[in-house]
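run08.txt follows (compact mmCIF, C-alpha atoms):
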# COMPACT_ATOMS: atom_id res chain seq x y z
CA MET A 295 -255.51 99.19 -146.77
CA THR A 296 -255.34 95.99 -144.72
CA VAL A 297 -256.29 93.92 -147.70
CA TYR A 298 -253.45 95.38 -149.77
CA TRP A 299 -250.97 94.51 -147.03
CA LEU A 300 -252.29 90.97 -146.81
CA CYS A 301 -251.85 90.75 -150.57
CA PHE A 302 -248.20 91.83 -150.17
CA ILE A 303 -247.73 89.24 -147.44
CA LEU A 304 -249.06 86.58 -149.81
CA PHE A 305 -246.52 87.70 -152.42
CA LEU A 306 -243.72 87.61 -149.86
CA THR A 307 -244.79 84.13 -148.74
CA GLY A 308 -244.32 82.94 -152.31
CA LEU A 309 -240.96 84.70 -152.50
CA TYR A 310 -239.87 83.04 -149.26
CA GLY A 311 -240.73 79.66 -150.77
CA VAL A 312 -238.76 80.41 -153.92
CA ILE A 313 -235.71 81.49 -151.94
CA THR A 314 -235.55 78.79 -149.27
CA ARG A 315 -237.02 75.58 -150.73
CA ARG A 316 -234.84 73.07 -152.54
CA ASN A 317 -237.57 70.99 -154.14
CA LEU A 318 -238.39 71.96 -157.72
CA ILE A 319 -242.13 71.25 -157.35
CA LYS A 320 -242.33 73.47 -154.29
CA ILE A 321 -240.52 76.24 -156.15
CA ALA A 322 -243.10 75.93 -158.93
CA ILE A 323 -245.94 76.13 -156.38
CA SER A 324 -244.37 79.20 -154.77
CA LEU A 325 -244.05 80.86 -158.16
CA SER A 326 -247.75 80.35 -158.80
CA VAL A 327 -248.53 81.79 -155.35
CA MET A 328 -246.63 84.94 -156.33
CA GLU A 329 -248.56 85.01 -159.60
CA PHE A 330 -251.90 84.72 -157.82
CA SER A 331 -251.07 87.55 -155.45
CA CYS A 332 -250.34 89.81 -158.43
CA PHE A 333 -253.70 88.90 -159.99
CA LEU A 334 -255.44 89.61 -156.70
CA PHE A 335 -253.69 92.96 -156.38
CA LEU A 336 -254.81 94.09 -159.83
CA ALA A 337 -258.37 92.95 -159.17
CA LEU A 338 -258.35 94.79 -155.82
CA ILE A 339 -257.21 98.02 -157.49
CA GLY A 340 -260.07 97.84 -159.98
CA TYR A 341 -262.79 97.37 -157.37
CA THR A 342 -265.17 100.27 -156.87
CA GLU A 343 -267.40 100.42 -153.81
CA GLY A 344 -270.99 99.82 -154.84
CA GLY A 345 -270.02 98.88 -158.38
CA VAL A 346 -271.53 96.04 -160.35
CA ALA A 347 -269.86 93.56 -162.67
CA PRO A 348 -268.86 95.29 -165.94
CA ILE A 349 -271.72 93.95 -168.02
CA VAL A 350 -273.96 96.65 -169.51
CA ASP A 351 -277.65 96.34 -168.79
CA MET A 352 -279.52 98.06 -171.62
CA ALA A 353 -282.65 98.52 -169.52
CA ASP A 354 -280.78 100.43 -166.80
CA PRO A 355 -277.68 102.04 -168.31
CA VAL A 356 -276.73 104.50 -165.54
CA LYS A 357 -274.76 102.43 -163.08
CA THR A 358 -271.35 102.30 -161.47
CA TYR A 359 -269.23 99.52 -162.88
CA VAL A 360 -266.04 98.11 -161.45
CA ASP A 361 -263.01 98.95 -163.60
CA PRO A 362 -262.94 96.58 -166.61
CA LEU A 363 -259.33 97.39 -167.58
CA PRO A 364 -257.48 95.52 -164.76
CA GLN A 365 -259.87 92.63 -165.24
CA ALA A 366 -258.96 92.39 -168.91
CA MET A 367 -255.25 92.48 -168.03
CA VAL A 368 -255.63 89.80 -165.38
CA LEU A 369 -257.57 87.63 -167.82
CA THR A 370 -254.60 87.75 -170.20
CA ALA A 371 -252.14 87.13 -167.39
CA ILE A 372 -254.02 84.09 -166.04
CA VAL A 373 -253.85 82.30 -169.39
CA ILE A 374 -250.15 83.14 -169.80
CA GLY A 375 -249.59 81.89 -166.25
CA LEU A 376 -251.09 78.54 -167.22
CA ALA A 377 -248.78 78.34 -170.23
CA THR A 378 -245.66 79.11 -168.21
CA THR A 379 -246.65 76.67 -165.45
CA ALA A 380 -247.18 73.89 -168.00
CA MET A 381 -243.78 74.63 -169.55
CA LEU A 382 -242.13 74.70 -166.10
CA MET A 383 -243.64 71.33 -165.19
CA ALA A 384 -242.43 69.88 -168.50
CA VAL A 385 -238.88 71.04 -167.74
CA ILE A 386 -239.16 69.66 -164.18
CA ILE A 387 -240.29 66.22 -165.33
CA ARG A 388 -237.40 66.12 -167.82
CA ILE A 389 -234.97 67.01 -165.03
CA TYR A 390 -236.45 64.27 -162.84
CA ARG A 391 -236.08 61.68 -165.58
CA LYS A 392 -232.46 62.62 -166.11
CA TYR A 393 -231.28 63.05 -162.50
CA GLY A 394 -233.83 61.03 -160.54
CA THR A 395 -234.41 63.77 -158.00
CA PHE A 396 -236.19 67.07 -157.46
CA ASP A 397 -233.50 68.36 -155.13
CA ILE A 398 -231.69 71.28 -156.70
CA ARG A 399 -228.58 70.59 -154.65
CA GLU A 400 -228.03 67.30 -156.48
CA ILE A 401 -228.41 68.60 -160.01
CA LYS A 402 -224.72 69.17 -160.40
CA ASN A 403 -224.25 69.20 -164.16
CA LEU A 404 -225.62 72.71 -164.33
CA ARG A 405 -222.94 74.07 -162.00
CA GLY A 406 -220.29 76.22 -163.53
CA MET B 62 -266.50 93.55 -148.27
CA GLU B 63 -262.95 94.39 -147.27
CA LEU B 64 -263.25 92.21 -144.17
CA ALA B 65 -264.52 89.21 -146.14
CA ILE B 66 -261.71 89.50 -148.67
CA SER B 67 -259.15 89.94 -145.88
CA VAL B 68 -260.31 86.73 -144.22
CA ILE B 69 -260.05 84.82 -147.49
CA VAL B 70 -256.59 86.25 -148.23
CA GLY B 71 -255.48 85.24 -144.74
CA PHE B 72 -256.70 81.73 -145.54
CA MET B 73 -254.69 81.83 -148.76
CA ILE B 74 -251.56 82.82 -146.82
CA LEU B 75 -252.03 79.89 -144.44
CA GLY B 76 -252.51 77.52 -147.39
CA ALA B 77 -249.36 78.86 -149.03
CA ILE B 78 -247.32 78.46 -145.84
CA TYR B 79 -248.53 74.87 -145.45
CA ALA B 80 -247.73 74.16 -149.11
CA ILE B 81 -244.20 75.46 -148.62
CA HIS B 82 -243.54 73.43 -145.47
CA ALA B 83 -245.40 70.17 -146.17
CA ARG B 84 -243.42 66.93 -145.87
CA ASP B 85 -245.34 65.23 -148.66
CA ILE B 86 -245.14 66.77 -152.12
CA LEU B 87 -248.63 65.60 -153.06
CA SER B 88 -250.18 67.40 -150.08
CA ALA B 89 -248.08 70.46 -150.96
CA VAL B 90 -249.63 70.45 -154.43
CA ILE B 91 -253.15 70.07 -153.02
CA ALA B 92 -252.51 72.88 -150.51
CA GLY B 93 -251.35 75.01 -153.41
CA GLY B 94 -254.82 74.39 -154.84
CA ILE B 95 -256.28 76.12 -151.76
CA VAL B 96 -254.64 79.36 -152.87
CA GLY B 97 -255.97 79.11 -156.42
CA TYR B 98 -259.52 78.21 -155.50
CA SER B 99 -259.71 80.89 -152.78
CA LEU B 100 -258.68 83.34 -155.47
CA VAL B 101 -261.84 82.31 -157.39
CA ILE B 102 -263.97 83.34 -154.39
CA CYS B 103 -262.09 86.64 -154.16
CA PHE B 104 -262.76 87.34 -157.83
CA ILE B 105 -266.48 86.69 -157.35
CA LEU B 106 -266.55 89.04 -154.35
CA LEU B 107 -264.68 91.66 -156.37
CA LYS B 108 -267.37 91.52 -159.09
CA ALA B 109 -265.19 89.86 -161.71
CA PRO B 110 -267.19 86.86 -162.99
CA ASP B 111 -265.09 86.42 -166.15
CA LEU B 112 -261.92 86.12 -164.09
CA ALA B 113 -263.58 83.64 -161.75
CA ILE B 114 -264.60 81.37 -164.63
CA VAL B 115 -261.15 81.47 -166.25
CA GLN B 116 -259.35 81.03 -162.93
CA ILE B 117 -261.35 77.98 -161.89
CA VAL B 118 -260.64 76.28 -165.24
CA VAL B 119 -256.94 77.21 -165.20
CA GLU B 120 -256.49 76.17 -161.57
CA THR B 121 -258.07 72.78 -162.24
CA ILE B 122 -255.80 72.19 -165.23
CA THR B 123 -252.72 73.30 -163.28
CA LEU B 124 -253.62 71.02 -160.39
CA ILE B 125 -254.11 68.07 -162.76
CA ILE B 126 -250.73 68.71 -164.41
CA MET B 127 -248.95 69.00 -161.06
CA VAL B 128 -250.60 65.90 -159.61
CA ALA B 129 -249.71 63.98 -162.77
CA VAL B 130 -246.07 65.09 -162.48
CA VAL B 131 -245.91 64.15 -158.78
CA LEU B 132 -247.54 60.76 -159.29
CA ASP B 133 -245.13 60.08 -162.15
CA SER B 134 -242.11 60.78 -159.94
CA SER B 135 -241.30 60.92 -156.27
CA ARG B 136 -243.52 62.13 -153.41
CA VAL B 137 -241.03 62.39 -150.61
CA GLU B 138 -239.41 65.69 -149.78
CA ALA B 139 -235.69 65.21 -149.24
CA TYR B 140 -235.12 66.97 -145.95
CA GLY B 141 -231.53 67.47 -144.92
CA LYS B 142 -230.63 68.38 -141.40
CA PHE B 143 -231.05 72.03 -140.50
CA ASP B 144 -227.40 73.00 -140.62
CA SER B 145 -225.69 76.39 -140.37
CA ARG B 146 -226.07 77.00 -144.11
CA ALA B 147 -229.84 76.59 -143.84
CA TRP B 148 -229.85 79.09 -140.98
CA VAL B 149 -227.98 81.60 -143.12
CA THR B 150 -230.41 81.05 -146.03
CA SER B 151 -233.51 81.45 -143.87
CA GLY B 152 -232.12 84.48 -142.06
CA THR B 153 -231.21 86.22 -145.31
CA ALA B 154 -234.62 85.40 -146.77
CA VAL B 155 -236.48 86.82 -143.77
CA LEU B 156 -234.33 89.95 -143.84
CA ILE B 157 -234.99 90.51 -147.55
CA LEU B 158 -238.72 89.92 -147.03
CA ALA B 159 -238.88 92.39 -144.15
CA ILE B 160 -237.16 95.09 -146.22
CA LEU B 161 -239.42 94.38 -149.20
CA PHE B 162 -242.53 94.52 -147.02
CA TRP B 163 -241.46 97.89 -145.66
CA PHE B 164 -241.01 99.24 -149.19
CA LEU B 165 -244.37 97.86 -150.32
CA LYS B 166 -246.07 99.35 -147.28
CA GLU B 167 -244.57 102.74 -148.01
CA ALA B 168 -245.52 102.46 -151.69
CA SER B 169 -249.11 101.52 -150.83
CA ALA B 170 -249.54 104.93 -149.18
CA THR B 171 -249.79 106.41 -152.67
CA LEU B 172 -252.66 104.11 -153.62
CA ALA B 173 -256.25 105.21 -153.37
CA PRO B 174 -258.03 103.54 -150.44
CA PHE B 175 -259.72 100.22 -151.16
CA GLY B 176 -263.00 100.65 -153.05
CA GLU B 177 -262.28 104.18 -154.28
CA ASN B 178 -261.00 103.53 -157.75
CA SER B 179 -260.56 106.69 -159.79
CA MET B 180 -261.54 104.98 -163.11
CA ARG B 181 -259.37 107.56 -164.87
CA MET B 182 -258.44 105.16 -167.63
CA ALA B 183 -261.61 103.16 -167.71
CA ASP B 184 -263.96 106.04 -168.43
CA ALA B 185 -262.85 106.00 -172.04
CA TYR B 186 -263.64 102.31 -172.21
CA VAL B 187 -266.93 102.38 -170.33
CA ASN B 188 -268.63 105.36 -171.97
CA GLY B 189 -270.22 104.35 -175.22
CA ALA B 190 -268.40 101.05 -175.32
CA VAL B 191 -271.49 99.15 -176.40
CA ASP B 192 -271.99 101.36 -179.44
CA ARG B 193 -268.34 101.19 -180.44
CA THR B 194 -267.59 97.51 -179.84
CA GLY B 195 -271.01 95.86 -179.98
CA SER B 196 -270.17 93.88 -176.85
CA VAL B 197 -272.38 94.09 -173.77
CA ASN B 198 -269.61 92.65 -171.62
CA LEU B 199 -267.08 95.44 -171.16
CA VAL B 200 -264.21 93.05 -170.38
CA THR B 201 -264.77 91.32 -173.70
CA GLY B 202 -264.87 94.72 -175.38
CA VAL B 203 -261.52 95.69 -173.87
CA ILE B 204 -259.84 92.38 -174.64
CA PHE B 205 -261.00 91.80 -178.19
CA ASP B 206 -261.47 95.34 -179.44
CA PHE B 207 -259.58 98.10 -177.63
CA ARG B 208 -256.64 95.86 -176.76
CA GLY B 209 -256.82 93.32 -179.54
CA TYR B 210 -253.04 93.27 -180.06
CA ASP B 211 -252.60 92.22 -176.43
CA THR B 212 -254.75 89.22 -177.11
CA LEU B 213 -252.77 88.45 -180.26
CA GLY B 214 -249.59 88.48 -178.18
CA GLU B 215 -251.22 86.27 -175.58
CA ALA B 216 -252.16 83.75 -178.25
CA THR B 217 -248.58 83.83 -179.52
CA VAL B 218 -247.24 83.13 -176.04
CA LEU B 219 -249.71 80.27 -175.64
CA VAL B 220 -248.70 78.66 -178.95
CA THR B 221 -245.01 79.07 -178.11
CA ALA B 222 -245.53 77.43 -174.72
CA VAL B 223 -247.40 74.51 -176.27
CA LEU B 224 -244.62 74.05 -178.84
CA GLY B 225 -242.05 74.24 -176.05
CA VAL B 226 -243.82 71.59 -173.97
CA LEU B 227 -244.10 69.30 -176.99
CA THR B 228 -240.42 69.81 -177.81
CA ILE B 229 -239.24 69.19 -174.27
CA LEU B 230 -241.32 66.10 -173.70
CA ARG B 231 -240.93 64.43 -177.09
CA ILE B 232 -237.24 64.42 -177.93
CA ARG B 233 -235.27 61.63 -176.27
CA GLY B 234 -232.26 63.01 -174.47
CA LYS B 235 -228.79 61.78 -175.19
CA LYS B 236 -227.56 59.19 -172.76
CA ILE B 237 -224.69 60.57 -170.76
Kindly transcribe the structure held in the file into structure tokens.
Amino acid sequence: MTVYWLCFILFLTGLYGVITRRNLIKIAISLSVMEFSCFLFLALIGYTEGGVAPIVDMADPVKTYVDPLPQAMVLTAIVIGLATTAMLMAVIIRIYRKYGTFDIREIKNLRG
Amino acid sequence: MELAISVIVGFMILGAIYAIHARDILSAVIAGGIVGYSLVICFILLKAPDLAIVQIVVETITLIIMVAVVLDSSRVEAYGKFDSRAWVTSGTAVLILAILFWFLKEASATLAPFGENSMRMADAYVNGAVDRTGSVNLVTGVIFDFRGYDTLGEATVLVTAVLGVLTILRIRGKKI
């Protein structure tokens, strides 16, 4: 159970960064920390004590495997995470070129 | 096993806290890399070699993109003075986090203990998967056979993101 709680704390650390920081790069880093904690949580759920990696050995078929389903989901999510991070960094570099700052307090044109 | 993973996750938390509070943006980015690369070790310990391979590639690419963005712009973190508004923000954030942690802790009571996965869903995938999919690697079997439409959607998202990045970076903005 401890490891699940540490995983939650990692998620909350990322959330804290998203809420309190004012620098766009740091917000992006905090978002990826939250992402990583979700991946870790799914991988933790799929772990089976005494299991081996989910690759079938034809010579010795009767074995306990760790759950392949969360691993497949996390594999999809990691690649999508890369895509969203790349897109986020593209938006951030555009904002920097327009406003000359990463500080979200000084990006005033977006205010209603 | 649980102890080893707990130690590594604790290390990840420390890296994340340093990344959030660093004065230099470049060192914040590098400290963010600590979290990603520690996750690779966790995946290896959790018997997920495919995830470890993908994560190490993705983390390297992410780090390169972030370092390129930082080197192309400014490295200094603009720190204002810690005024009353910052106190209110931090206090609210800590309050929200405490409440969320309590809820997560309560919710985790319904989980099976670590290492006792029920495999309720996975039994259908594991039993006879080699005969049905022809793939020795079960993760590959799930991704490309049982859940092929997921992978199609993933590829769509990837293409959309690439198109978005090209669009954002190519068009010259109007001068205002």
Test item: residues at most 12 Å from Phe333 in chain A, only C-alpha atoms, excluding those fewer than 4 positions along its chain, as a VMD selection string: (chain A and resid 301 to 302 304 to 305 326 to 329 337 to 340 364 to 375) or (chain B and resid 96 to 97 100 to 101 103 to 104 107 109 112 to 113 116)
Could you give me, as CSV, a per-residue list for chain A showing, wherever an atom lies at most 6 Å from an atom of chain B, the closest pair of atoms and their distance in Å to one decimal, using all atoms listed in the file and sorting by chain then residue number from low to high?
residue,atom,partner,partner_atom,distance
A:Val297,CA,B:Ser67,CA,5.2
A:Leu304,CA,B:Ile74,CA,5.4
A:Gly311,CA,B:Ile81,CA,5.9
A:Tyr341,CA,B:Gly176,CA,5.4
A:Thr342,CA,B:Gly176,CA,4.4
A:Glu343,CA,B:Gly176,CA,4.5
A:Ala347,CA,B:Lys108,CA,4.8
A:Pro348,CA,B:Leu199,CA,5.5
A:Ile349,CA,B:Asn198,CA,4.4
A:Val350,CA,B:Val197,CA,5.2
A:Pro362,CA,B:Val200,CA,5.3
A:Ala366,CA,B:Val200,CA,5.5
A:Leu369,CA,B:Leu112,CA,5.9
A:Ala377,CA,B:Ala222,CA,5.6
A:Met381,CA,B:Val226,CA,5.4
A:Ala384,CA,B:Val226,CA,5.9
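A straight line drawn from CA of Ala322 in chain A to CA of Phe72 in chain B is 19.9 Å long.
Shell of Ile386 in chain A at 8 Å, with only C-alpha atoms counted and residues fewer than 2 places along the chain excluded, is A:Leu318, A:Ile319, A:Leu382, A:Met383, A:Ala384, A:Arg388, A:Ile389, A:Tyr390, A:Phe396.
Atom to atom, CA of Gly344 in chain A and CA of Tyr359 in chain A stand 8.2 Å apart.
For the pair CA of Ile401 in chain A and CA of Phe330 in chain A, the separation is 28.6 Å.
If only C-alpha atoms are the atoms counted, then among A:Tyr298, A:Val385, A:Thr379, A:Thr395 the closest residue to Ile125 in chain B is A:Thr379.
Using all atoms listed in the file, the shortest contact distance between Leu325 in chain A and any of A:Leu309, A:Ile387, A:Tyr393, A:Ala380 is found at A:Leu309.
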